[in-house]
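Undergrad: Just so it is clear, I am handing over query.cif, which has mmCIF, C-alpha atoms.
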```cif
data_upload
loop_
_atom_site.label_atom_id
_atom_site.label_comp_id
_atom_site.auth_asym_id
_atom_site.auth_seq_id
_atom_site.Cartn_x
_atom_site.Cartn_y
_atom_site.Cartn_z
CA MET A 1 -34.90 18.38 -6.01
CA THR A 2 -36.67 19.44 -9.18
CA VAL A 3 -38.88 17.27 -11.37
CA THR A 4 -39.62 17.87 -15.06
CA GLU A 5 -42.05 15.87 -17.18
CA ASN A 6 -41.23 15.04 -20.81
CA ALA A 7 -37.75 16.55 -20.37
CA PRO A 8 -35.34 16.85 -23.35
CA LEU A 9 -32.16 14.86 -22.78
CA ALA A 10 -30.02 15.80 -25.79
CA ALA A 11 -28.78 18.99 -24.14
CA LEU A 12 -27.63 16.95 -21.12
CA THR A 13 -25.23 14.79 -23.14
CA THR A 14 -21.99 15.77 -24.83
CA LEU A 15 -23.13 14.09 -28.06
CA ARG A 16 -26.27 16.25 -28.11
CA LEU A 17 -28.35 13.21 -28.96
CA GLY A 18 -31.47 11.64 -27.50
CA GLY A 19 -35.20 12.04 -27.17
CA PRO A 20 -37.04 13.12 -24.01
CA ALA A 21 -37.29 11.43 -20.63
CA ALA A 22 -40.76 10.79 -19.30
CA ARG A 23 -39.56 12.21 -16.02
CA LEU A 24 -36.31 13.99 -15.14
CA VAL A 25 -35.34 14.35 -11.49
CA GLU A 26 -32.44 16.68 -10.72
CA ALA A 27 -30.99 15.77 -7.32
CA SER A 28 -28.51 17.98 -5.49
CA THR A 29 -27.88 15.80 -2.42
CA SER A 30 -27.18 12.10 -1.99
CA ASP A 31 -30.37 11.74 0.04
CA GLU A 32 -32.34 13.16 -2.90
CA VAL A 33 -30.62 10.74 -5.26
CA VAL A 34 -31.54 7.80 -3.03
CA ALA A 35 -35.14 8.99 -2.62
CA ALA A 36 -35.62 9.45 -6.38
CA VAL A 37 -34.25 6.02 -7.24
CA LEU A 38 -36.22 4.25 -4.51
CA GLU A 39 -39.40 6.03 -5.62
CA ALA A 40 -38.90 4.86 -9.19
CA GLN A 41 -38.22 1.31 -7.99
CA ALA A 42 -41.34 1.33 -5.81
CA ALA A 43 -43.39 2.45 -8.82
CA ASP A 44 -41.86 -0.41 -10.82
CA GLU A 45 -40.85 1.95 -13.61
CA PRO A 46 -37.62 2.06 -15.62
CA TRP A 47 -34.93 4.34 -14.22
CA LEU A 48 -31.38 5.38 -14.88
CA VAL A 49 -28.91 7.87 -13.50
CA LEU A 50 -27.14 10.54 -15.50
CA GLY A 51 -24.03 12.43 -14.50
CA GLY A 52 -22.11 14.60 -16.93
CA GLY A 53 -23.60 12.83 -19.94
CA SER A 54 -20.18 12.38 -21.53
CA ASN A 55 -20.14 8.60 -21.80
CA VAL A 56 -23.65 7.83 -22.97
CA VAL A 57 -25.48 7.51 -26.28
CA MET A 58 -29.16 8.22 -25.73
CA GLY A 59 -31.62 6.82 -28.26
CA ASP A 60 -33.87 8.94 -30.43
CA GLU A 61 -36.99 7.66 -28.66
CA GLY A 62 -35.72 8.95 -25.33
CA PHE A 63 -36.36 7.13 -22.08
CA ASP A 64 -39.81 6.04 -20.95
CA GLY A 65 -39.11 6.26 -17.24
CA THR A 66 -37.27 8.31 -14.64
CA VAL A 67 -33.85 9.78 -15.29
CA VAL A 68 -32.10 10.90 -12.11
CA ARG A 69 -29.50 13.55 -12.83
CA ILE A 70 -26.87 13.57 -10.11
CA GLY A 71 -25.89 17.12 -9.17
CA THR A 72 -24.21 16.46 -5.83
CA ARG A 73 -21.07 18.44 -5.08
CA GLY A 74 -18.30 18.37 -2.49
CA ILE A 75 -14.71 17.34 -1.79
CA GLU A 76 -14.01 16.33 1.82
CA ARG A 77 -10.53 15.80 3.28
CA LEU A 78 -10.44 12.62 5.33
CA PRO A 79 -7.78 11.89 7.98
CA ASP A 80 -4.41 11.15 6.40
CA ALA A 81 -3.16 7.58 6.35
CA ASP A 82 0.13 7.94 8.21
CA GLY A 83 2.95 5.86 6.78
CA SER A 84 1.14 5.21 3.51
CA ARG A 85 2.66 5.88 0.12
CA ARG A 86 -0.50 7.82 -0.66
CA PRO A 87 -1.46 9.43 2.64
CA VAL A 88 -3.94 12.05 1.38
CA ARG A 89 -7.51 10.73 1.56
CA LEU A 90 -10.47 12.46 -0.07
CA ARG A 91 -14.19 11.72 -0.20
CA VAL A 92 -15.76 13.16 -3.33
CA GLN A 93 -19.46 13.44 -4.08
CA ALA A 94 -20.56 11.59 -7.21
CA GLY A 95 -21.77 14.68 -9.04
CA GLU A 96 -18.51 16.60 -8.67
CA PRO A 97 -17.14 17.26 -12.18
CA TRP A 98 -14.13 15.04 -12.69
CA ASP A 99 -11.81 17.63 -14.20
CA ALA A 100 -12.65 20.10 -11.43
CA LEU A 101 -11.49 17.45 -8.95
CA VAL A 102 -8.26 16.89 -10.89
CA GLU A 103 -7.59 20.62 -11.07
CA TYR A 104 -8.15 20.95 -7.32
CA THR A 105 -5.76 18.10 -6.47
CA VAL A 106 -3.06 19.56 -8.72
CA GLN A 107 -3.45 22.96 -7.08
CA GLN A 108 -3.03 21.30 -3.69
CA GLY A 109 0.14 19.52 -4.82
CA TRP A 110 -1.34 16.02 -4.57
CA ALA A 111 -0.31 13.47 -7.21
CA GLY A 112 -2.27 10.59 -8.68
CA LEU A 113 -4.92 12.07 -10.98
CA GLU A 114 -2.96 14.61 -13.05
CA ALA A 115 -2.61 12.48 -16.20
CA MET A 116 -6.41 12.10 -16.26
CA SER A 117 -6.91 15.84 -16.69
CA GLY A 118 -9.56 16.92 -19.15
CA ILE A 119 -11.68 13.77 -19.01
CA PRO A 120 -15.28 14.99 -19.09
CA GLY A 121 -18.04 13.67 -16.87
CA SER A 122 -18.67 13.24 -13.18
CA THR A 123 -16.58 11.64 -10.45
CA GLY A 124 -19.21 9.02 -9.71
CA ALA A 125 -18.81 7.56 -13.18
CA ALA A 126 -15.03 7.22 -12.82
CA PRO A 127 -14.94 3.89 -10.91
CA ILE A 128 -17.77 2.40 -12.98
CA GLN A 129 -15.72 2.82 -16.12
CA ASN A 130 -12.34 2.65 -14.37
CA ILE A 131 -11.37 5.69 -16.39
CA GLY A 132 -7.80 6.15 -17.45
CA ALA A 133 -5.54 8.15 -19.72
CA TYR A 134 -1.87 8.72 -20.42
CA GLY A 135 -0.68 5.95 -18.13
CA GLN A 136 -2.95 6.48 -15.14
CA GLU A 137 -6.13 4.66 -14.11
CA MET A 138 -8.75 5.24 -11.47
CA ALA A 139 -7.90 1.84 -9.98
CA GLU A 140 -4.57 3.14 -8.71
CA SER A 141 -6.16 5.86 -6.55
CA LEU A 142 -9.49 4.35 -5.55
CA ILE A 143 -10.06 3.25 -1.96
CA ALA A 144 -13.83 2.69 -1.87
CA VAL A 145 -17.19 3.80 -3.21
CA GLU A 146 -20.48 4.39 -1.44
CA VAL A 147 -23.36 3.03 -3.48
CA LEU A 148 -27.09 2.53 -3.33
CA ASP A 149 -27.38 -1.18 -3.95
CA ASP A 150 -30.12 -2.01 -6.46
CA GLU A 151 -30.89 -5.39 -4.92
CA THR A 152 -31.11 -4.38 -1.27
CA GLY A 153 -32.03 -0.69 -1.53
CA GLU A 154 -29.37 0.04 1.08
CA ARG A 155 -26.38 2.39 1.09
CA VAL A 156 -23.17 0.40 1.38
CA ARG A 157 -19.48 1.21 1.05
CA LEU A 158 -17.57 -1.16 -1.20
CA PRO A 159 -13.78 -1.40 -1.00
CA ALA A 160 -11.93 -1.01 -4.29
CA PRO A 161 -10.88 -4.69 -4.55
CA ALA A 162 -14.55 -5.72 -4.46
CA LEU A 163 -15.19 -3.79 -7.69
CA ARG A 164 -12.85 -6.00 -9.74
CA LEU A 165 -11.60 -3.07 -11.74
CA GLY A 166 -10.21 -3.85 -15.18
CA TYR A 167 -9.60 -2.07 -18.45
CA ARG A 168 -12.60 0.30 -18.68
CA SER A 169 -14.67 -2.09 -16.61
CA SER A 170 -15.91 -2.99 -13.16
CA ILE A 171 -18.67 -5.08 -11.64
CA LEU A 172 -20.69 -1.86 -11.39
CA LYS A 173 -20.68 -1.64 -15.18
CA TYR A 174 -21.52 -5.22 -16.06
CA GLU A 175 -22.75 -7.21 -13.08
CA ARG A 176 -23.96 -5.24 -10.07
CA ARG A 177 -26.34 -2.38 -10.80
CA SER A 178 -25.68 0.27 -8.17
CA VAL A 179 -25.82 4.04 -7.98
CA VAL A 180 -22.51 5.57 -6.94
CA LEU A 181 -23.04 8.23 -4.27
CA SER A 182 -19.47 9.12 -3.30
CA VAL A 183 -15.92 8.06 -4.07
CA ASP A 184 -12.93 7.75 -1.71
CA ILE A 185 -9.48 8.23 -3.23
CA ALA A 186 -5.88 8.31 -2.01
CA LEU A 187 -3.19 10.62 -3.38
CA GLU A 188 0.53 11.14 -2.93
CA ARG A 189 2.00 14.25 -1.37
CA ASN A 190 5.62 15.26 -2.05
CA GLU A 191 7.64 18.33 -1.28
CA GLY A 192 8.60 19.13 -4.84
CA GLY A 193 5.08 19.31 -6.25
CA LEU A 194 5.88 16.50 -8.65
CA GLY A 195 3.43 14.17 -10.31
CA MET A 196 3.56 10.39 -10.45
CA PRO A 197 6.18 8.81 -12.75
CA VAL A 198 5.24 9.48 -16.37
CA ARG A 199 4.49 6.17 -18.07
CA TYR A 200 3.03 7.22 -21.40
CA GLY A 201 5.57 7.82 -24.14
CA GLN A 202 3.71 10.63 -25.91
CA LEU A 203 3.24 12.49 -22.64
CA ALA A 204 6.89 12.02 -21.65
CA GLU A 205 7.97 13.37 -25.02
CA SER A 206 5.66 16.36 -24.66
CA LEU A 207 7.14 17.12 -21.23
CA GLY A 208 10.72 16.57 -22.39
CA VAL A 209 11.39 13.87 -19.79
CA ASP A 210 12.30 10.20 -19.94
CA ALA A 211 9.58 7.63 -19.42
CA GLY A 212 9.42 6.82 -15.71
CA ALA A 213 10.62 10.26 -14.65
CA ARG A 214 8.56 12.71 -12.65
CA ALA A 215 7.52 16.17 -13.78
CA PRO A 216 5.78 19.08 -12.00
CA LEU A 217 2.08 18.47 -11.50
CA VAL A 218 1.05 21.72 -13.17
CA GLY A 219 3.20 20.89 -16.19
CA VAL A 220 1.74 17.41 -16.52
CA ARG A 221 -1.80 18.77 -16.36
CA ALA A 222 -1.06 21.45 -18.96
CA ALA A 223 0.60 18.94 -21.29
CA VAL A 224 -2.28 16.46 -21.00
CA LEU A 225 -4.87 19.16 -21.68
CA ALA A 226 -2.93 20.25 -24.76
CA LEU A 227 -2.64 16.67 -26.05
CA ARG A 228 -6.34 16.02 -25.49
CA ALA A 229 -7.36 19.30 -27.12
CA GLY A 230 -5.32 18.37 -30.18
CA LYS A 231 -7.47 15.24 -30.47
CA GLY A 232 -10.77 17.03 -29.85
CA MET A 233 -11.04 15.28 -26.48
CA VAL A 234 -11.58 18.39 -24.35
CA LEU A 235 -15.07 19.86 -24.23
CA ASP A 236 -14.91 23.17 -26.05
CA PRO A 237 -17.91 25.05 -27.47
CA ASP A 238 -15.64 26.38 -30.21
CA ASP A 239 -14.45 22.92 -31.27
CA PRO A 240 -17.06 20.95 -33.27
CA CYS A 241 -14.93 17.81 -32.88
CA SER A 242 -15.64 17.80 -29.14
CA VAL A 243 -19.35 17.06 -29.71
CA SER A 244 -18.69 13.41 -29.02
CA ALA A 245 -18.57 10.82 -26.27
CA GLY A 246 -14.78 10.72 -26.36
CA SER A 247 -13.32 7.41 -27.51
CA PHE A 248 -16.24 5.47 -28.93
CA PHE A 249 -14.48 2.10 -29.03
CA THR A 250 -12.22 0.48 -26.46
CA ASN A 251 -8.83 -0.86 -27.47
CA PRO A 252 -9.40 -4.60 -28.08
CA ILE A 253 -7.74 -7.03 -25.70
CA VAL A 254 -7.05 -10.37 -27.36
CA SER A 255 -5.15 -13.51 -26.50
CA GLU A 256 -1.53 -13.75 -27.51
CA SER A 257 -2.35 -16.75 -29.68
CA PHE A 258 -4.97 -14.74 -31.59
CA ALA A 259 -2.57 -11.81 -31.96
CA ARG A 260 0.04 -14.07 -33.55
CA GLY A 261 -2.37 -14.58 -36.44
CA LEU A 262 -2.65 -10.87 -37.18
CA PRO A 263 -0.41 -9.09 -39.69
CA ALA A 264 3.00 -8.31 -38.22
CA GLU A 265 2.51 -4.56 -38.56
CA VAL A 266 -0.48 -4.49 -36.18
CA PRO A 267 0.67 -2.64 -33.03
CA ARG A 268 0.24 -4.66 -29.87
CA PHE A 269 1.03 -3.94 -26.26
CA PRO A 270 1.31 -6.33 -23.32
CA VAL A 271 -1.55 -6.12 -20.87
CA GLU A 272 -0.21 -5.19 -17.47
CA PRO A 273 -1.63 -6.96 -14.42
CA PRO A 274 -4.19 -4.93 -12.46
CA ALA A 275 -2.75 -2.19 -10.28
CA PRO A 276 -2.34 -3.26 -6.66
CA ALA A 277 -5.34 -2.26 -4.61
CA LEU A 278 -4.91 0.26 -1.85
CA ALA A 279 -5.49 -0.71 1.76
CA VAL A 280 -9.00 -1.99 2.43
CA PRO A 281 -10.90 0.37 4.78
CA LEU A 282 -11.17 -0.76 8.37
CA GLY A 283 -13.93 -3.30 8.84
CA ALA A 284 -14.37 -4.05 5.14
CA GLU A 285 -14.10 -7.56 3.79
CA PRO A 286 -11.23 -7.94 1.30
CA ALA A 287 -12.20 -9.33 -2.07
CA PRO A 288 -10.80 -12.73 -3.05
CA PRO A 289 -7.87 -12.65 -5.45
CA PRO A 290 -8.90 -12.72 -9.11
CA PRO A 291 -8.53 -16.05 -10.91
CA PRO A 292 -5.49 -16.48 -13.15
CA ILE A 293 -6.08 -15.45 -16.74
CA ASP A 294 -4.42 -16.29 -20.03
CA ARG A 295 -1.81 -13.89 -21.33
CA HIS A 296 -3.33 -11.15 -23.44
CA VAL A 297 -2.24 -8.17 -25.51
CA LYS A 298 -3.94 -4.87 -26.25
CA LEU A 299 -4.44 -3.64 -29.81
CA SER A 300 -4.92 -0.07 -31.00
CA ALA A 301 -8.53 0.45 -32.06
CA ALA A 302 -7.61 3.68 -33.85
CA TRP A 303 -4.93 1.90 -35.89
CA LEU A 304 -7.33 -0.90 -36.84
CA ILE A 305 -10.00 1.58 -37.92
CA GLU A 306 -7.66 3.63 -40.07
CA ARG A 307 -6.11 0.53 -41.68
CA SER A 308 -9.60 -0.70 -42.47
CA GLY A 309 -10.00 2.23 -44.86
CA ILE A 310 -11.83 4.67 -42.60
CA PRO A 311 -10.07 8.04 -42.41
CA ARG A 312 -10.62 10.94 -40.06
CA GLY A 313 -13.64 12.99 -41.10
CA PHE A 314 -15.34 9.97 -42.71
CA SER A 315 -19.14 9.81 -42.84
CA LEU A 316 -21.70 7.65 -44.57
CA PRO A 317 -23.57 9.30 -47.47
CA GLY A 318 -26.16 11.74 -46.22
CA SER A 319 -25.27 11.18 -42.56
CA ARG A 320 -24.64 13.94 -40.04
CA ALA A 321 -22.58 11.61 -37.84
CA THR A 322 -18.89 11.60 -38.68
CA VAL A 323 -15.56 10.25 -37.56
CA SER A 324 -13.71 13.10 -35.86
CA LYS A 325 -11.31 15.06 -38.01
CA LYS A 326 -8.85 14.97 -35.12
CA HIS A 327 -9.02 11.41 -33.82
CA THR A 328 -10.33 8.24 -35.42
CA LEU A 329 -11.74 6.86 -32.17
CA ALA A 330 -14.23 9.69 -31.66
CA LEU A 331 -17.59 9.74 -33.43
CA VAL A 332 -19.02 13.23 -33.73
CA ASN A 333 -22.46 14.77 -34.08
CA ALA A 334 -21.64 17.20 -36.87
CA GLY A 335 -24.94 19.01 -36.37
CA GLY A 336 -28.47 17.66 -36.28
CA ALA A 337 -27.43 14.00 -36.28
CA THR A 338 -29.68 11.31 -34.86
CA ALA A 339 -28.64 8.51 -32.56
CA GLU A 340 -29.48 6.04 -35.31
CA GLU A 341 -27.11 7.82 -37.72
CA LEU A 342 -24.35 7.51 -35.14
CA ALA A 343 -25.19 3.84 -34.60
CA GLN A 344 -25.10 3.19 -38.35
CA LEU A 345 -21.62 4.71 -38.54
CA ALA A 346 -20.45 2.67 -35.55
CA ARG A 347 -21.81 -0.55 -37.07
CA TYR A 348 -20.13 0.21 -40.37
CA ILE A 349 -16.79 0.71 -38.61
CA GLN A 350 -17.23 -2.54 -36.69
CA THR A 351 -17.98 -4.40 -39.94
CA ARG A 352 -14.93 -3.00 -41.71
CA VAL A 353 -12.57 -3.85 -38.86
CA MET A 354 -14.08 -7.30 -38.43
CA GLY A 355 -13.76 -8.00 -42.15
CA ARG A 356 -10.16 -6.81 -42.32
CA PHE A 357 -8.72 -8.13 -39.06
CA GLY A 358 -11.30 -10.45 -37.49
CA VAL A 359 -11.50 -8.20 -34.43
CA VAL A 360 -14.82 -7.09 -32.93
CA LEU A 361 -14.67 -3.52 -31.64
CA GLN A 362 -16.67 -2.90 -28.47
CA PRO A 363 -18.31 0.45 -27.70
CA GLU A 364 -17.05 2.35 -24.69
CA PRO A 365 -20.10 4.57 -23.99
CA VAL A 366 -23.25 3.27 -22.35
CA LEU A 367 -25.95 2.75 -24.97
CA ILE A 368 -29.52 3.62 -23.93
CA GLY A 369 -32.14 2.71 -26.52
CA VAL A 370 -29.42 2.19 -29.13
CA GLU A 371 -28.19 -1.10 -30.58
CA LEU A 372 -25.02 -1.89 -32.50
#
```
Output the file's structure as structure tokens, nothing else.

TA:
Amino acid sequence: MTVTENAPLAALTTLRLGGPAARLVEASTSDEVVAAVLEAQAADEPWLVLGGGSNVVMGDEGFDGTVVRIGTRGIERLPDADGSRRPVRLRVQAGEPWDALVEYTVQQGWAGLEAMSGIPGSTGAAPIQNIGAYGQEMAESLIAVEVLDDETGERVRLPAPALRLGYRSSILKYERRSVVLSVDIALERNEGGLGMPVRYGQLAESLGVDAGARAPLVGVRAAVLALRAGKGMVLDPDDPCSVSAGSFFTNPIVSESFARGLPAEVPRFPVEPPAPALAVPLGAEPAPPPPPIDRHVKLSAAWLIERSGIPRGFSLPGSRATVSKKHTLALVNAGGATAEELAQLARYIQTRVMGRFGVVLQPEPVLIGVEL
């Protein structure tokens, strides 16, 4: 464990934004993570955890407290679940880079994560956000997470159903503040080295297969990385469009009745029910079934932004924060931007979309010392 006072944070985030932390603790084991958080709690000082820094907007004033940077590493093979559709079980430390995990599973011939190749950040953040891309979501592979519970100060393992995973959401994001220490996932193993059925039309087209067909894992990963790179969504020091937090806004989910009032040309997609949870670990209490919800549809945030008169590459006068030249959903630090400049651009986009379509866009990254 290393401790740095008045530590710059901008270099630890993919947006390259943010003032200093009063205290930065870099923890390389889960025990160090727990000790650092408990120490901050005992001192009654503000604290937060930071992984890969890819899904956070840090304010210009920095953070007047302790930032715990999770640097834990490790992928452990657990006993296989005989007879299961996804028999391969892994326990992954929270600080393991997500894409390194995906690359490893593809090399091993295990399916379930391949369409989420290239997503930056750490594995511990994946269940908090219920990350997803190109037809796959973390919810489909997650078994359980080990967390440090903020209320009790104890390490507990929560089964996936207890997290109430939804579209880019979980109780860990909005309701139950906990530090993820490790993640248990389940993957499929097949003799042909094939990935899961391809659900996303653009990916299927890129692979030259029909939607619902399977393709080789290595091919799926390569195709996803190429698609993401074309949108500036793969971290690349030679690509200025990758100095972002990925998609800045989530795709709005609205009721069907609200959607009927939108112009007919607005793309809309039915919201699928949550993926079935995997088997609850032995001894864990299953979560109660979620309450029934009204029928909803998902809208394309990128489409709404563009049709509100905001093109790729757009920026406010004098601002160094821009809309990506490759993808309308990404907001980019074009060099020397401040967090407030980025927030001004985000607020402007929200206002334009609200005025044109009556839809409020919600930010996807975690905002620290920044308000929209």

Undergrad: Could you tell me, as a PyMOL selection string, exactly which residues end up selected when the PyMOL selection byres ((chain A and resi 72) around 6) is applied to this structure?

TA: chain A and resi 28-29+70-71+73+93+95

Undergrad: Could you tell me which residues the PyMOL selection byres ((chain A and resi 124) around 8) returns for this structure, as a short mmCIF file (atom, residue, chain, number, x, y, z; two decimals) with C-alpha atoms, in the frame of the given file?

TA:
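Everything below was put into out-v4.cif:
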```
data_model
loop_
_atom_site.label_atom_id
_atom_site.label_comp_id
_atom_site.auth_asym_id
_atom_site.auth_seq_id
_atom_site.Cartn_x
_atom_site.Cartn_y
_atom_site.Cartn_z
CA GLY A 51 -24.03 12.43 -14.50
CA GLN A 93 -19.46 13.44 -4.08
CA ALA A 94 -20.56 11.59 -7.21
CA GLY A 95 -21.77 14.68 -9.04
CA GLU A 96 -18.51 16.60 -8.67
CA SER A 122 -18.67 13.24 -13.18
CA THR A 123 -16.58 11.64 -10.45
CA ALA A 125 -18.81 7.56 -13.18
CA ALA A 126 -15.03 7.22 -12.82
CA PRO A 127 -14.94 3.89 -10.91
CA ILE A 128 -17.77 2.40 -12.98
CA VAL A 180 -22.51 5.57 -6.94
CA LEU A 181 -23.04 8.23 -4.27
CA SER A 182 -19.47 9.12 -3.30
CA VAL A 183 -15.92 8.06 -4.07
#
```

Undergrad: Using all atoms listed in the file, pick whichever of A:Thr338, A:Gly59, A:Leu331, A:Gly355 has the shortest atom-to-atom distance to A:Gly309.

TA: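 Closest residue, counting all atoms listed in the file: A:Gly355.
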
Undergrad: Atom CA of A:Gly135 and atom CA of A:Asp210, how far apart in Å?

TA: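 Computed distance, atom CA of A:Asp210 to atom CA of A:Gly135, equals 13.8 Å.
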
Undergrad: Under the rule that all atoms listed in the file are counted, which of A:Asn55, A:Ser244, A:Thr152, A:Gln202 is the nearest residue to A:Gln41?

TA: A:Thr152

Undergrad: Provide the atom CA of A:Lys326 to atom CA of A:Val224 distance in Å, to one decimal place.

TA: 15.6 Å

Undergrad: Would you be able to write out as an MDAnalysis selection string which residues have an atom within 8 Å of (-24.2, 4.8, -41.0) in the file's coordinates, counting only C-alpha atoms?

TA: chainID A and resid 315:317 319 321 340:348

Undergrad: Using the selection just defined, write its residues with C-alpha atoms as a PDB file, in the coordinates of the input.

TA:
```pdb
ATOM      1  CA  SER A 315     -19.140   9.810 -42.840  1.00  0.00           C
ATOM      2  CA  LEU A 316     -21.700   7.650 -44.570  1.00  0.00           C
ATOM      3  CA  PRO A 317     -23.570   9.300 -47.470  1.00  0.00           C
ATOM      4  CA  SER A 319     -25.270  11.180 -42.560  1.00  0.00           C
ATOM      5  CA  ALA A 321     -22.580  11.610 -37.840  1.00  0.00           C
ATOM      6  CA  GLU A 340     -29.480   6.040 -35.310  1.00  0.00           C
ATOM      7  CA  GLU A 341     -27.110   7.820 -37.720  1.00  0.00           C
ATOM      8  CA  LEU A 342     -24.350   7.510 -35.140  1.00  0.00           C
ATOM      9  CA  ALA A 343     -25.190   3.840 -34.600  1.00  0.00           C
ATOM     10  CA  GLN A 344     -25.100   3.190 -38.350  1.00  0.00           C
ATOM     11  CA  LEU A 345     -21.620   4.710 -38.540  1.00  0.00           C
ATOM     12  CA  ALA A 346     -20.450   2.670 -35.550  1.00  0.00           C
ATOM     13  CA  ARG A 347     -21.810  -0.550 -37.070  1.00  0.00           C
ATOM     14  CA  TYR A 348     -20.130   0.210 -40.370  1.00  0.00           C
TER      15      TYR A 348
END
```

Undergrad: To test your reading of the syntax: which residues would the PyMOL selection byres ((chain A and resi 211) around 6) return for the file shown? Reply as a PyMOL selection string.

TA: chain A and resi 198-199+204+210+212-213

Undergrad: So how many Å separate atom CA of A:Thr2 and atom CA of A:Arg155, to one decimal?

TA: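 Calculated distance between atom CA of A:Thr2 and atom CA of A:Arg155 is 22.4 Å.
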
Undergrad: Out of A:Thr66, A:Gly335, A:Arg189, A:Ser170, which residue has the shortest atom-to-atom distance to A:Ala42 when counting all atoms listed in the file?

TA: A:Thr66

Undergrad: Excluding A:Gly192 and any residue of its chain fewer than 3 positions from it, enumerate the residues within 10 Å of it, using all atoms listed in the file, and give them as JSON, numbers by chain.

TA: {"A": [109, 189, 195, 215, 216, 217]}

Undergrad: Name the residues in contact with A:Pro365 at a cut-off of 12 Å, using only C-alpha atoms, excluding same-chain residues fewer than 5 positions from it; report them as a VMD selection string.

TA: chain A and resid 13 to 15 53 to 58 121 125 128 to 129 131 168 to 169 173 244 to 250 329 to 331 343 346 370 to 372

Undergrad: For the selection just defined, write its residues with C-alpha atoms to a file, as a JSON list (two decimals), keeping the file's coordinate frame.

TA:
```json
[["chain", "number", "residue", "atom", "x", "y", "z"],
["A", 13, "THR", "CA", -25.23, 14.79, -23.14],
["A", 14, "THR", "CA", -21.99, 15.77, -24.83],
["A", 15, "LEU", "CA", -23.13, 14.09, -28.06],
["A", 53, "GLY", "CA", -23.60, 12.83, -19.94],
["A", 54, "SER", "CA", -20.18, 12.38, -21.53],
["A", 55, "ASN", "CA", -20.14, 8.60, -21.80],
["A", 56, "VAL", "CA", -23.65, 7.83, -22.97],
["A", 57, "VAL", "CA", -25.48, 7.51, -26.28],
["A", 58, "MET", "CA", -29.16, 8.22, -25.73],
["A", 121, "GLY", "CA", -18.04, 13.67, -16.87],
["A", 125, "ALA", "CA", -18.81, 7.56, -13.18],
["A", 128, "ILE", "CA", -17.77, 2.40, -12.98],
["A", 129, "GLN", "CA", -15.72, 2.82, -16.12],
["A", 131, "ILE", "CA", -11.37, 5.69, -16.39],
["A", 168, "ARG", "CA", -12.60, 0.30, -18.68],
["A", 169, "SER", "CA", -14.67, -2.09, -16.61],
["A", 173, "LYS", "CA", -20.68, -1.64, -15.18],
["A", 244, "SER", "CA", -18.69, 13.41, -29.02],
["A", 245, "ALA", "CA", -18.57, 10.82, -26.27],
["A", 246, "GLY", "CA", -14.78, 10.72, -26.36],
["A", 247, "SER", "CA", -13.32, 7.41, -27.51],
["A", 248, "PHE", "CA", -16.24, 5.47, -28.93],
["A", 249, "PHE", "CA", -14.48, 2.10, -29.03],
["A", 250, "THR", "CA", -12.22, 0.48, -26.46],
["A", 329, "LEU", "CA", -11.74, 6.86, -32.17],
["A", 330, "ALA", "CA", -14.23, 9.69, -31.66],
["A", 331, "LEU", "CA", -17.59, 9.74, -33.43],
["A", 343, "ALA", "CA", -25.19, 3.84, -34.60],
["A", 346, "ALA", "CA", -20.45, 2.67, -35.55],
["A", 370, "VAL", "CA", -29.42, 2.19, -29.13],
["A", 371, "GLU", "CA", -28.19, -1.10, -30.58],
["A", 372, "LEU", "CA", -25.02, -1.89, -32.50]]
```

Undergrad: Tell me which of A:Pro79, A:Glu114, A:Leu90, A:Leu24 sits closest to A:Ala144, counting only C-alpha atoms.

TA: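 Once distances to A:Ala144 are computed over only C-alpha atoms, the minimum belongs to A:Leu90.
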
Undergrad: Find the residue from A:Gly153, A:Gly358, A:Pro87, A:Gly232 that sits nearest to A:Leu187; use only C-alpha atoms when measuring.

TA: A:Pro87

Undergrad: Give me the residues near A:Val25 as a VMD selection string, where near means some atom within 8 Å (using only C-alpha atoms) and where sequence neighbours in that chain fewer than 4 positions away do not count.

TA: chain A and resid 1 to 4 36 66 to 69

Undergrad: Could you check the closest approach to A:Gly52 for each of A:Val243, A:Leu12, A:Ala223, A:Val366 and tell me which residue wins, using all atoms listed in the file?

TA: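 Selected residue with least distance to A:Gly52: A:Leu12.
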
Undergrad: For stretch 151-158 of chain A, I'd like the enclosing box, axis-aligned and padded by 8 Å on every side, reported as lines of an AutoDock Vina configuration file with centre and edge lengths in Å to one decimal.

TA:
```
center_x = -24.8
center_y = -1.5
center_z = -1.8
size_x = 30.5
size_y = 23.8
size_z = 22.3
```

Undergrad: Dig up all the protein and nucleic acid residues within 6 Å of (-9.9, 2.8, -1.5) in the file frame, using all atoms listed in the file, and format them as a list of chain:residue names.

TA: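 In the file's frame, the residues around the point are A:Leu142, A:Ile143, A:Ala144, A:Pro159, A:Ala160, A:Asp184, A:Ile185, A:Leu278.
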
Undergrad: Would you save the residues from that selection as an mmCIF file, in the frame of the given file, using C-alpha atoms?

TA:
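Saved the output as selection-v2.cif:
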```cif
data_model
loop_
_atom_site.group_PDB
_atom_site.id
_atom_site.type_symbol
_atom_site.label_atom_id
_atom_site.label_comp_id
_atom_site.auth_asym_id
_atom_site.auth_seq_id
_atom_site.Cartn_x
_atom_site.Cartn_y
_atom_site.Cartn_z
ATOM 1 C CA LEU A 142 -9.490 4.350 -5.550
ATOM 2 C CA ILE A 143 -10.060 3.250 -1.960
ATOM 3 C CA ALA A 144 -13.830 2.690 -1.870
ATOM 4 C CA PRO A 159 -13.780 -1.400 -1.000
ATOM 5 C CA ALA A 160 -11.930 -1.010 -4.290
ATOM 6 C CA ASP A 184 -12.930 7.750 -1.710
ATOM 7 C CA ILE A 185 -9.480 8.230 -3.230
ATOM 8 C CA LEU A 278 -4.910 0.260 -1.850
#
```
